[in-house]
Structures are given as structure tokens and as C-alpha cells.
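Novice: Structure file model_25.cif (mmCIF, C-alpha atoms) right here:
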```
data_model
#
loop_
_atom_site.label_atom_id
_atom_site.label_comp_id
_atom_site.auth_asym_id
_atom_site.auth_seq_id
_atom_site.Cartn_x
_atom_site.Cartn_y
_atom_site.Cartn_z
CA MET A 336 129.17 151.25 177.67
CA THR A 337 125.85 149.79 178.60
CA ASP A 338 125.20 148.06 181.85
CA ASN A 339 122.08 146.18 181.16
CA VAL A 340 121.31 147.00 177.54
CA HIS A 341 123.60 145.28 175.08
CA GLU A 342 125.09 147.23 172.16
CA HIS A 343 123.38 144.79 169.80
CA GLU A 344 120.06 145.69 171.30
CA LEU A 345 120.60 149.34 170.45
CA HIS A 346 120.98 148.32 166.81
CA ALA A 347 117.98 146.04 167.02
CA TYR A 348 116.06 148.98 168.47
CA VAL A 349 117.04 151.11 165.47
CA ASP A 350 116.12 148.36 163.03
CA GLY A 351 112.82 147.63 164.71
CA THR A 352 113.56 144.00 165.45
CA LEU A 353 113.18 144.01 169.24
CA PRO A 354 110.19 142.35 170.84
CA GLU A 355 107.75 145.01 172.04
CA ALA A 356 108.42 144.49 175.76
CA ARG A 357 112.15 144.79 175.32
CA ARG A 358 111.75 147.75 173.00
CA LEU A 359 110.01 149.67 175.76
CA GLU A 360 112.76 148.80 178.21
CA VAL A 361 115.43 150.00 175.82
CA GLU A 362 113.46 153.17 175.23
CA ALA A 363 113.31 153.86 178.93
CA TRP A 364 117.00 153.11 179.23
CA LEU A 365 117.82 155.54 176.42
CA ALA A 366 115.85 158.28 178.11
CA ALA A 367 118.32 158.04 180.97
CA HIS A 368 121.44 157.74 178.82
CA PRO A 369 121.70 160.74 176.47
CA ALA A 370 125.01 159.74 174.90
CA ASP A 371 123.61 156.45 173.69
CA ALA A 372 120.35 158.11 172.79
CA ALA A 373 122.28 160.49 170.52
CA ARG A 374 124.05 157.61 168.79
CA VAL A 375 120.78 155.77 168.30
CA GLN A 376 119.22 158.92 166.91
CA ASP A 377 122.07 159.28 164.42
CA TRP A 378 121.74 155.66 163.33
CA ILE A 379 118.01 156.13 162.75
CA GLY A 380 118.92 159.21 160.72
CA GLN A 381 121.34 157.13 158.65
CA ASN A 382 118.61 154.63 157.76
CA GLN A 383 116.34 157.51 156.79
CA SER A 384 119.06 159.11 154.68
CA LEU A 385 119.66 155.84 152.86
CA HIS A 386 116.00 155.55 151.99
CA ALA A 387 115.81 159.19 150.97
CA ALA A 388 118.83 158.74 148.72
CA PHE A 389 117.96 155.45 147.05
CA ASP A 390 114.24 154.68 147.22
CA SER A 391 113.66 156.58 144.01
CA VAL A 392 115.47 153.75 142.19
CA LEU A 393 112.44 151.56 142.93
CA ASN A 394 110.23 153.79 140.81
CA GLU A 395 112.54 154.06 137.85
CA PRO A 396 111.34 152.36 134.70
CA LEU A 397 113.03 149.00 134.36
CA PRO A 398 115.70 148.96 131.66
CA LEU A 399 114.52 146.63 128.96
CA ASN A 400 117.83 144.78 128.82
CA LEU A 401 117.42 143.82 132.48
CA VAL A 402 113.84 142.77 131.94
CA ARG A 403 115.04 140.57 129.10
CA ALA A 404 117.76 139.17 131.33
CA THR A 405 115.14 137.87 133.75
CA ARG A 406 113.53 135.88 131.00
CA ARG A 407 116.15 134.92 128.49
CA PRO A 408 116.19 131.14 128.86
CA ALA A 409 112.42 131.08 129.02
CA LEU A 410 112.15 132.66 125.62
CA PRO A 411 111.54 130.25 122.81
CA VAL A 412 114.40 130.02 120.37
CA PRO A 413 112.95 132.23 117.63
CA PHE A 414 112.62 134.95 120.25
CA LYS A 415 116.29 134.70 121.01
CA ALA A 416 116.87 135.30 117.35
CA VAL A 417 114.62 138.32 117.56
CA ALA A 418 116.50 139.58 120.58
CA ALA A 419 119.80 139.06 118.83
CA THR A 420 118.55 140.89 115.77
CA LEU A 421 117.38 143.67 118.01
CA ALA A 422 120.78 143.87 119.64
CA MET A 423 122.35 144.07 116.22
CA LEU A 424 120.00 146.83 115.16
CA VAL A 425 120.67 148.74 118.31
CA THR A 426 124.39 148.33 117.88
CA GLY A 427 124.10 149.59 114.36
CA LEU A 428 121.94 152.51 115.33
CA ILE A 429 123.65 154.05 118.27
CA GLY A 430 126.75 151.99 118.85
CA TYR A 431 125.39 150.56 122.03
CA ALA A 432 125.84 146.84 122.52
CA ILE A 433 123.54 145.02 124.87
CA GLY A 434 125.56 141.87 124.82
CA LEU A 435 123.29 139.61 122.87
CA GLY A 436 124.22 139.67 119.26
CA THR A 437 127.23 140.38 117.18
CA PRO A 438 127.57 143.88 115.87
CA GLY A 439 128.14 144.58 112.25
CA GLN A 440 125.08 144.82 110.08
CA ALA A 441 123.33 148.06 109.44
CA PRO A 442 119.77 148.43 110.63
CA ALA A 443 117.18 147.11 108.26
CA ALA A 444 113.53 148.05 107.89
CA PRO A 445 111.55 150.10 110.42
CA ALA A 446 110.17 146.74 111.47
CA TYR A 447 112.33 147.02 114.57
CA LEU A 448 109.39 148.90 116.07
CA ALA A 449 107.30 145.78 115.60
CA ARG A 450 110.04 143.59 117.05
CA ASP A 451 110.54 145.74 120.13
CA ALA A 452 106.82 145.92 120.67
CA ALA A 453 106.50 142.15 120.31
CA ILE A 454 109.28 141.56 122.82
CA ALA A 455 107.77 143.98 125.30
CA HIS A 456 104.45 142.22 124.79
CA ALA A 457 106.02 138.82 125.40
CA VAL A 458 107.80 140.06 128.52
CA PHE A 459 104.93 141.74 130.26
CA SER A 460 101.68 140.20 129.06
CA PRO A 461 102.26 136.90 130.95
CA GLU A 462 102.78 138.78 134.22
CA SER A 463 100.14 137.73 136.69
CA ARG A 464 101.20 139.92 139.57
CA HIS A 465 102.70 142.99 137.98
CA PRO A 466 101.40 143.20 134.42
CA VAL A 467 101.12 146.98 134.75
CA GLU A 468 102.70 149.68 136.86
CA VAL A 469 99.60 151.81 137.12
CA ASP A 470 96.22 150.16 136.83
CA ALA A 471 93.19 151.36 134.92
CA ALA A 472 91.45 152.47 138.11
CA HIS A 473 93.73 155.49 137.81
CA ALA A 474 93.37 155.85 134.06
CA ASP A 475 93.56 159.65 134.03
CA HIS A 476 96.68 159.65 136.12
CA LEU A 477 98.15 156.85 134.02
CA VAL A 478 97.63 158.67 130.74
CA ALA A 479 98.89 161.97 132.13
CA TRP A 480 101.97 160.32 133.63
CA LEU A 481 102.89 158.38 130.49
CA SER A 482 102.20 161.42 128.30
CA LYS A 483 104.56 163.51 130.35
CA ARG A 484 107.32 160.92 130.27
CA VAL A 485 107.01 160.06 126.60
CA GLY A 486 106.67 163.70 125.64
CA THR A 487 103.41 163.81 123.73
CA GLN A 488 99.75 163.83 124.59
CA LEU A 489 98.91 160.14 124.62
CA GLN A 490 95.53 158.57 124.58
CA ALA A 491 94.57 155.07 125.64
CA PRO A 492 92.24 153.81 122.91
CA ASP A 493 88.89 152.44 123.95
CA PHE A 494 88.49 148.80 122.92
CA SER A 495 85.32 148.07 124.88
CA ALA A 496 83.39 147.64 121.64
CA GLN A 497 85.84 144.84 120.77
CA GLY A 498 85.55 143.26 124.22
CA PHE A 499 88.86 144.47 125.66
CA GLU A 500 89.18 146.60 128.76
CA LEU A 501 92.15 148.72 129.75
CA LEU A 502 94.18 146.93 132.42
CA GLY A 503 96.74 149.68 132.93
CA GLY A 504 100.12 150.69 131.65
CA ARG A 505 103.78 150.93 132.33
CA LEU A 506 106.77 152.95 131.32
CA LEU A 507 109.71 151.21 129.67
CA THR A 508 112.99 152.55 128.47
CA GLY A 509 113.70 152.03 124.83
CA GLU A 510 116.53 152.87 122.52
CA THR A 511 114.82 156.06 121.37
CA GLY A 512 113.75 157.15 124.83
CA PRO A 513 110.81 156.39 127.09
CA VAL A 514 108.19 153.96 125.88
CA ALA A 515 104.58 153.75 127.02
CA GLN A 516 102.89 150.40 127.09
CA PHE A 517 99.15 150.12 127.56
CA MET A 518 97.71 146.71 128.31
CA TYR A 519 94.20 145.47 127.63
CA GLN A 520 92.48 142.27 128.58
CA ASP A 521 89.29 140.54 127.46
CA LYS A 522 86.88 138.35 129.45
CA ILE A 523 88.96 135.22 128.95
CA GLU A 524 92.11 137.08 130.00
CA ARG A 525 93.72 137.35 126.61
CA ARG A 526 95.93 140.39 126.51
CA VAL A 527 96.96 142.89 123.90
CA THR A 528 99.44 145.72 124.35
CA LEU A 529 99.83 149.08 122.68
CA TYR A 530 103.42 150.25 122.50
CA VAL A 531 104.14 153.95 121.88
CA ARG A 532 107.47 155.60 121.49
CA ARG A 533 109.22 158.38 119.68
CA ALA A 534 110.13 157.33 116.17
CA VAL A 535 113.70 157.39 114.94
CA ALA A 536 114.43 160.71 113.28
CA GLY A 537 114.06 160.68 109.55
CA ASN A 538 111.60 157.83 109.61
CA THR A 539 108.76 158.88 107.38
CA GLU A 540 106.97 155.56 107.22
CA THR A 541 103.33 156.27 107.80
CA SER A 542 101.41 153.34 106.44
CA PHE A 543 99.61 150.81 108.51
CA ARG A 544 101.66 147.62 108.58
CA HIS A 545 101.49 144.10 109.86
CA ALA A 546 104.25 141.84 111.08
CA THR A 547 104.36 138.51 112.84
CA GLU A 548 107.13 138.19 115.38
CA ASN A 549 107.29 134.68 116.73
CA GLY A 550 103.58 134.18 116.80
CA VAL A 551 102.83 137.66 118.09
CA ASP A 552 100.82 139.68 115.60
CA VAL A 553 101.84 143.29 115.48
CA PHE A 554 100.11 146.09 113.66
CA TYR A 555 102.13 149.27 113.63
CA TRP A 556 102.19 152.72 112.19
CA ILE A 557 103.95 156.04 112.54
CA ASP A 558 101.95 159.15 113.28
CA GLY A 559 104.00 162.32 113.34
CA ASP A 560 107.01 161.80 115.55
CA PHE A 561 105.63 158.71 117.23
CA GLY A 562 105.48 155.06 116.44
CA TYR A 563 102.57 152.92 117.61
CA ALA A 564 102.40 149.14 117.69
CA LEU A 565 99.58 146.93 118.83
CA SER A 566 100.60 143.38 119.72
CA GLY A 567 98.70 140.29 120.65
CA GLN A 568 98.22 136.59 120.11
CA ILE A 569 94.51 136.59 119.49
CA GLY A 570 94.56 135.87 115.78
CA ARG A 571 95.44 138.25 113.01
CA GLN A 572 91.89 139.31 112.22
CA ALA A 573 91.02 140.04 115.82
CA ILE A 574 94.15 142.09 116.38
CA GLN A 575 93.55 143.90 113.14
CA ARG A 576 90.08 144.95 114.26
CA LEU A 577 91.62 146.37 117.43
CA ALA A 578 94.40 148.05 115.52
CA ASP A 579 91.89 149.63 113.13
CA ALA A 580 89.94 150.96 116.08
CA ALA A 581 93.11 152.28 117.73
CA TYR A 582 94.33 153.85 114.53
CA ARG A 583 91.00 155.58 113.93
CA GLN A 584 90.78 156.86 117.49
CA LEU A 585 94.37 158.02 117.74
CA VAL A 586 94.63 159.59 114.32
CA THR A 587 91.30 161.36 114.85
CA ALA A 588 92.49 162.62 118.20
CA SER A 589 95.75 163.81 116.72
CA ALA A 590 93.90 165.58 113.86
CA ASP A 591 91.80 167.40 116.45
CA ARG A 592 94.79 168.80 118.24
CA MET B 355 107.23 120.99 134.95
CA ARG B 356 108.70 123.02 137.73
CA THR B 357 107.33 126.53 138.04
CA ARG B 358 109.88 129.10 137.11
CA PRO B 359 110.08 131.76 139.78
CA ASP B 360 109.56 135.28 138.63
CA LEU B 361 112.70 137.35 138.89
CA ILE B 362 111.20 140.52 137.52
CA GLU B 363 109.56 141.52 140.75
CA HIS B 364 112.96 141.47 142.46
CA LEU B 365 114.51 143.76 139.88
CA PRO B 366 113.65 147.09 141.51
CA ARG B 367 115.18 146.17 144.85
CA LEU B 368 118.23 144.51 143.32
CA ARG B 369 118.78 147.74 141.39
CA ARG B 370 118.39 149.87 144.50
CA TYR B 371 120.90 147.82 146.44
CA ALA B 372 123.37 147.72 143.56
CA ARG B 373 123.07 151.47 143.05
CA ALA B 374 123.84 152.17 146.69
CA LEU B 375 126.60 149.58 146.76
CA THR B 376 128.47 150.75 143.68
CA GLY B 377 127.44 154.41 143.65
CA ASP B 378 127.21 154.29 139.87
CA VAL B 379 124.17 153.74 137.66
CA ASN B 380 125.90 151.77 134.93
CA ARG B 381 128.06 149.70 137.19
CA ALA B 382 125.01 148.91 139.28
CA ASP B 383 122.91 147.76 136.35
CA ASP B 384 125.80 145.68 135.03
CA LEU B 385 125.97 144.01 138.41
CA VAL B 386 122.23 143.37 138.32
CA GLN B 387 122.51 141.93 134.83
CA ASP B 388 125.34 139.62 135.89
CA THR B 389 123.28 138.58 138.89
CA LEU B 390 120.29 137.71 136.73
CA GLU B 391 122.43 135.71 134.33
CA ARG B 392 123.99 133.82 137.21
CA ALA B 393 120.56 133.27 138.74
CA LEU B 394 119.09 131.85 135.56
CA ALA B 395 122.09 129.60 135.06
CA LYS B 396 121.84 128.28 138.61
CA LEU B 397 118.11 128.32 139.08
CA ASP B 398 118.03 124.57 139.57
CA LEU B 399 120.10 125.03 142.71
CA TRP B 400 117.57 127.33 144.26
CA GLN B 401 115.31 125.57 146.76
CA PRO B 402 111.67 126.31 145.93
CA GLY B 403 110.00 127.69 149.00
CA SER B 404 113.18 129.30 150.30
CA ASP B 405 113.67 133.03 150.13
CA LEU B 406 114.35 133.87 146.49
CA ARG B 407 115.22 137.44 147.34
CA ALA B 408 117.92 136.42 149.83
CA TRP B 409 119.30 133.97 147.26
CA LEU B 410 119.51 136.67 144.59
CA PHE B 411 121.24 139.03 146.98
CA THR B 412 123.69 136.25 147.83
CA LEU B 413 124.55 135.86 144.15
CA MET B 414 124.99 139.60 143.84
CA HIS B 415 127.24 139.69 146.88
CA ASN B 416 129.47 136.97 145.45
CA LEU B 417 129.76 138.78 142.13
CA PHE B 418 130.50 142.07 143.85
CA VAL B 419 133.22 140.52 146.00
CA ASN B 420 134.80 138.93 142.93
CA GLN B 421 134.79 142.25 141.11
CA ILE B 422 136.57 143.93 143.98
CA ARG B 423 139.11 141.14 144.15
CA ILE B 424 139.86 141.41 140.44
CA LYS B 425 140.01 145.17 140.56
CA ARG B 426 142.41 145.37 143.48
CA PRO B 427 144.49 142.21 143.59
CA GLN B 428 147.30 143.87 145.55
CA GLU B 429 145.23 145.52 148.16
CA THR B 430 144.37 143.66 151.28
CA VAL B 431 141.36 145.07 153.00
CA MET B 432 142.07 145.26 156.66
CA GLU B 433 138.83 146.07 158.27
CA ASP B 434 140.30 147.10 161.58
CA ALA B 435 142.93 149.27 160.04
CA LEU B 436 140.29 151.05 157.98
CA ASP B 437 138.27 151.54 161.07
CA GLU B 438 140.73 153.96 162.57
CA PRO B 439 139.48 157.51 162.91
CA VAL B 440 139.56 159.59 159.78
CA SER B 441 142.71 161.60 159.56
CA GLY B 442 142.43 165.29 159.00
CA GLY B 443 139.23 165.44 161.00
CA GLN B 444 137.12 168.42 160.04
CA MET B 445 138.06 168.82 156.40
CA GLU B 446 137.40 165.25 155.46
CA ALA B 447 134.28 165.20 157.53
CA LEU B 448 133.00 168.18 155.58
CA ALA B 449 133.84 166.54 152.28
CA ALA B 450 132.02 163.40 153.28
CA ARG B 451 128.95 165.00 154.72
CA ASP B 452 126.90 163.78 151.83
CA ILE B 453 125.51 160.28 152.34
CA HIS B 454 126.78 159.10 148.94
CA ALA B 455 130.30 160.22 149.68
CA ALA B 456 130.21 158.70 153.14
CA LEU B 457 128.99 155.37 151.77
CA ALA B 458 131.71 155.35 149.15
CA ARG B 459 134.34 155.75 151.83
CA LEU B 460 133.02 152.93 153.92
CA PRO B 461 134.94 149.64 153.56
CA GLU B 462 132.91 147.37 151.25
CA GLU B 463 132.26 144.82 153.96
CA GLN B 464 130.74 147.42 156.22
CA ARG B 465 128.87 149.10 153.37
CA GLU B 466 127.20 145.82 152.44
CA VAL B 467 126.00 145.19 155.97
CA LEU B 468 124.79 148.74 156.46
CA LEU B 469 122.81 148.60 153.20
CA LEU B 470 121.39 145.13 153.65
CA VAL B 471 120.14 146.00 157.12
CA GLY B 472 119.45 149.72 156.93
CA LEU B 473 118.17 150.02 153.36
CA GLU B 474 117.00 146.59 152.29
CA GLN B 475 115.69 145.67 155.72
CA PHE B 476 117.12 142.21 155.93
CA GLY B 477 117.18 140.69 159.41
CA TYR B 478 120.63 140.17 160.95
CA ALA B 479 120.50 136.41 160.41
CA GLU B 480 119.35 136.88 156.81
CA ALA B 481 122.11 139.37 156.15
CA ALA B 482 124.57 136.87 157.62
CA GLN B 483 123.25 134.23 155.23
CA VAL B 484 123.55 136.56 152.25
CA LEU B 485 127.14 137.45 153.13
CA GLY B 486 128.15 133.97 154.23
CA VAL B 487 129.41 135.10 157.63
CA PRO B 488 128.27 134.46 161.22
CA THR B 489 125.59 136.74 162.65
CA GLY B 490 128.12 138.04 165.19
CA THR B 491 130.25 139.32 162.31
CA VAL B 492 127.25 141.10 160.85
CA MET B 493 126.66 142.78 164.20
CA SER B 494 130.23 143.94 164.62
CA ARG B 495 130.42 145.23 161.04
CA LEU B 496 127.10 146.99 161.45
CA SER B 497 128.29 148.60 164.63
CA ARG B 498 131.50 149.79 163.03
CA ALA B 499 129.72 150.96 159.89
CA ARG B 500 127.25 153.04 161.83
CA GLU B 501 129.89 154.62 164.02
CA ARG B 502 132.07 155.40 161.04
CA MET B 503 129.15 156.93 159.15
CA ARG B 504 128.41 158.97 162.24
CA GLN B 505 131.94 160.27 162.28
CA MET B 506 131.88 161.16 158.61
CA LEU B 507 128.41 162.67 158.54
CA ALA B 508 128.67 164.61 161.76
CA GLY B 509 132.37 165.35 161.70
CA GLU B 510 132.78 164.27 165.25
CA PRO B 511 135.02 161.52 166.57
CA ALA B 512 133.40 158.37 167.81
CA VAL B 513 132.70 158.30 171.50
CA LYS B 514 135.15 155.51 172.14
CA LEU B 515 138.00 157.58 170.72
CA LYS B 516 137.58 160.51 173.05
CA LEU B 517 140.81 161.35 174.78
CA VAL B 518 140.58 161.68 178.49
CA ILE B 519 143.52 163.70 179.73
#
```
Please re-express this file's structure in C-alpha cells.

Specialist:
Amino acid sequence: MTDNVHEHELHAYVDGTLPEARRLEVEAWLAAHPADAARVQDWIGQNQSLHAAFDSVLNEPLPLNLVRATRRPALPVPFKAVAATLAMLVTGLIGYAIGLGTPGQAPAAPAYLARDAAIAHAVFSPESRHPVEVDAAHADHLVAWLSKRVGTQLQAPDFSAQGFELLGGRLLTGETGPVAQFMYQDKIERRVTLYVRRAVAGNTETSFRHATENGVDVFYWIDGDFGYALSGQIGRQAIQRLADAAYRQLVTASADR
Amino acid sequence: MRTRPDLIEHLPRLRRYARALTGDVNRADDLVQDTLERALAKLDLWQPGSDLRAWLFTLMHNLFVNQIRIKRPQETVMEDALDEPVSGGQMEALAARDIHAALARLPEEQREVLLLVGLEQFGYAEAAQVLGVPTGTVMSRLSRARERMRQMLAGEPAVKLKLVI
């Protein structure tokens, strides 16, 4: 159907892979051949429709089970145990198996908040290229976005007095809904993360607690309907100072509301 | 110790491709999960410096093809037969006007090529590598996919099928 423009070149034109000189020739040729021009126009429209239909997937929060699947063998053995325990808890809670552990046991203490937070910390804090989805340069936007998704007015605590600056945050999906993770970093690039999610209904635990999950120190508490967990590997006392600061700031803010 | 490549940054695009390929959120994420497991198990076979993304898509393609084979052992996909004009013309064209529906009705082989090239922006040679077929096959599938989509989305027969009486 084409005399001097090959069918393949029409596709290459649509996909933008022709050298510039040839692209101009094909363009001129199309101007004189309306039937082919119409086909090419439709093909371009198809590419645009595909992007319009599926590009939103790129911005979806990454399911935590897939994030774990990118790392599983890299996790030290105790972490596998943590993951398996988590799977078991999840199975027990909402009958949803994520393929790691064996179902059966009922969920134990509310410490699963600490475990989830520690896993999320271990997954994302080593990231050099994409530690956060939205960086701290857009802090207002970040807090507003995460607040909207998690469903409560969040606040990113200020740890500058403790030497940690906000790096940014990301949205994760957890078993009780969306999870906000804020990440902070100090001058020697040690990172701590604050994990916030809706607490499981009926959970009235409010005290300030500490757990160690495979070397990650986690301080966590429930405030109203939300659970907070601060994780890091900077030594228990250092993380506790940060957690105290976070707790004071967040509880004060929530009392002011 | 060899540096472990980071798979996480490929997750969003693997998910996008799988979603478009399967048309189903859960099936897509299962396919991504299987791909990641396969990738981690075979990571030693990946050549550092080569295109990790293309390699991951290759693994996903192989898994997808196996799934189809298991699901439909009796059915032989005859690409040319499926390429015949849609029967019933207008009605089916109307039903398939939506891009999702049109994609779903595309033979898998053509759908893969259309998505790799049109959505994921792989080059023709790269797409050929991912699918394990010659570049010429990619071109002919792409051509057929685009014409078939055109038929379904516009409800008009392909130019080559016009009857001249």
C-alpha cells in the first residue's frame, strides 16, 4: 500500500523511532496519503489511550507483599521469621494469606504494629535512589497528601533538635488500610522512619512501648484511632529521645484539635 | 560481593504492564509476585550491565505464556485465524469500544507486542528479545494488533478487507 514508505516505517513513525530526516520524509508522504495518515493517527491514538488507561498504576502505592518479594532473600534469617509471623498474624486477622507462613495461630499482642513498622523500615531505609516518594522540599504537599490518604490530619514531627531532618515520605498499603511513612536522616545518613496507620478496631493500647525487631528499635503507641511507630538502628537511647519528641509533638497537636 | 540489583524501582512498570496484560488487579499482582520470585531465584543468571528491565519483562512473559498454556490446554491459538474480521460488525465494535475491552479481545501474542511497544516503550528489537521471537515477527504482530484495535475501537473494517465490487 505504500510505494516508497514501508509499512514498518509507519509504525516506527508512530513510536518515534525514526531518524529525524526519515521522519520528515514520512510526514511529507503522509500529507499526500490521507488513508495511511488516518491509520497512523488512529495508532497514535491507541498509544495515548493505553497511557491514559494504565499510567495511573505507576502512582499507586506499592503493595507491601510485592515490596517484600523484591527483597526476600536479602533479608537476614530472623527477618524471614518476622515476615512469616506477620503472614500468620494477617492470616489470623482477616483470612488473607500472603504466602509466607502457615496459617493457624491467632494473632498475638499488638506488637504487630512494631513488626510491620520494622519491616517497612528495613525495606525502605536502605534505598539510595527512591527512599521516599515525595521529598521534604514539598513538605506541605507531602503531609496534606498522606493525611488525605490515611484519613486523619497527620503531622511530620520536627527532629531538628535531635539532629534529624525530614527526608520525605511515602504511602504504603497495610493490612488495615493506607500507611504513611515519614523518613528522617541525620548528618551521617542514619535514617529513622515514622510509620502511621489506622489501628485495628478494639485496640485500646495507649501506652508508649518499645520493641526490638531484628536489631531495629521500635517505639510505638496508639493515639485515638491511629498507631504510630518510630523505627531506627541508631541505638535504643537515641531512638527513644526521638520517639519522646515525636510523642510530645503529636499528642500535643492532637490535644489542640 | 556482587552488588544486588534493585528490583523495587522496576515494580511500578512491571505492575502497569501486568495490569494491562491481564486486565485484572489481583491476577496482575500475582504475576508480578511470581516474576519477582523467579527473578530472585535466577538472579545469578542475569548479566550485570545488561538491561535488567528487559530481563524482568522476559521472565514475566514466560510466566504469562505458561499460565495461558495451563489454563487452555485444548485451545490452539491460531494467530491468523483470530485475525479475521470481527463477525457481527457494528454490535461487537460497539461493545469493544472501550480500550480495556478491546485489549482483552486481542490475541495474547498481539496484546503483548502492542503493550510492550505502545505502553512500555520498548524498541522493536528489545520487544523481540523479551518475547523470544525475531524482530520481523514483532513487526507483523504489531501491525495486526494495531489494525485489529482500529477495527474494534472505530467499528470499521480494516482497509485491506474492503470489498471492491

Novice: Excluding Gly562 in chain A and residues on its chain fewer than 4 positions from it, collect all residues at most 7 Å away from it, counting only C-alpha atoms, and give them as a ChimeraX atom specification.

Specialist: /A:531-534,556-558

Novice: Tell me as a list of chain:residue names which residues belonging to chain A come within 7 Å of chain B, counting all atoms listed in the file.

Specialist: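 Here they are: A:His343, A:Asp377, A:Trp378, A:Asn382, A:Ser384, A:Leu385, A:His386, A:Phe389, A:Asp390, A:Val392, A:Leu393, A:Leu401, A:Val402, A:Ala404, A:Thr405.
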
Novice: Under the rule that only C-alpha atoms are counted, which of A:Phe561, A:Leu448, A:Asp350, A:Glu548 is the nearest residue to Leu470 in chain B?

Specialist: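 With only C-alpha atoms as the atom set, the closest residue is A:Asp350.
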
Novice: Spell out the residues picked by the PyMOL selection byres ((chain A and resi 517) around 6) here, as a list in words.

Specialist: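 Residues picked by the PyMOL selection byres ((chain A and resi 517) around 6): Gly503, Gly504, Gln516, Met518, Thr528 and Leu529 of chain A.
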
Novice: One number please: CA of Tyr582 in chain A to CA of Glu524 in chain A, in Å, one decimal.

Specialist: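 We find that CA of Tyr582 in chain A and CA of Glu524 in chain A lie 22.9 Å from each other.
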
Novice: Smallest atom-to-atom distance to Ala482 in chain B: which of B:Asp398, B:Glu466, B:Asp405, B:Asp378, using only C-alpha atoms?

Specialist: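 Going through B:Asp398, B:Glu466, B:Asp405, B:Asp378 one by one, the smallest distance to Ala482 in chain B is for B:Glu466.
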
Novice: On this structure, which residues satisfy the PyMOL selection byres ((chain A and resi 519) around 7), written as a list in words?

Specialist: Phe499, Glu500, Leu501, Leu502, Phe517, Met518, Gln520, Asp521, Arg526, Val527 and Thr528 of chain A

Novice: Go ahead and save the picked residues with C-alpha atoms, as a PDB file, keeping the file's coordinate frame.

Specialist:
```pdb
ATOM      1  CA  PHE A 499      88.860 144.470 125.660  1.00  0.00           C
ATOM      2  CA  GLU A 500      89.180 146.600 128.760  1.00  0.00           C
ATOM      3  CA  LEU A 501      92.150 148.720 129.750  1.00  0.00           C
ATOM      4  CA  LEU A 502      94.180 146.930 132.420  1.00  0.00           C
ATOM      5  CA  PHE A 517      99.150 150.120 127.560  1.00  0.00           C
ATOM      6  CA  MET A 518      97.710 146.710 128.310  1.00  0.00           C
ATOM      7  CA  GLN A 520      92.480 142.270 128.580  1.00  0.00           C
ATOM      8  CA  ASP A 521      89.290 140.540 127.460  1.00  0.00           C
ATOM      9  CA  ARG A 526      95.930 140.390 126.510  1.00  0.00           C
ATOM     10  CA  VAL A 527      96.960 142.890 123.900  1.00  0.00           C
ATOM     11  CA  THR A 528      99.440 145.720 124.350  1.00  0.00           C
TER      12      THR A 528
END
```

Novice: Have a look at CA of Leu507 in chain A and CA of Asn416 in chain B and let me know their distance in Å, one decimal.

Specialist: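 Value for the CA of Leu507 in chain A-CA of Asn416 in chain B distance: 29.0 Å.
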
Novice: Which residues come within 9 Å of Arg403 in chain A, counting all atoms listed in the file, excluding same-chain residues fewer than 5 positions away, as a VMD selection string?

Specialist: chain A and resid 398 418 454 to 455 458

Novice: For the atom pair CA of Ala382 in chain B and CA of Arg406 in chain A, what is the interatomic distance in Å to one decimal place?

Specialist: 19.2 Å

Novice: Point out the residue among A:Asp451, A:Asp579, A:Glu342, A:Asp371 with the least atom-to-atom distance to Val514 in chain A, counting only C-alpha atoms.

Specialist: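 Under the stated criterion, the closest residue is A:Asp451.
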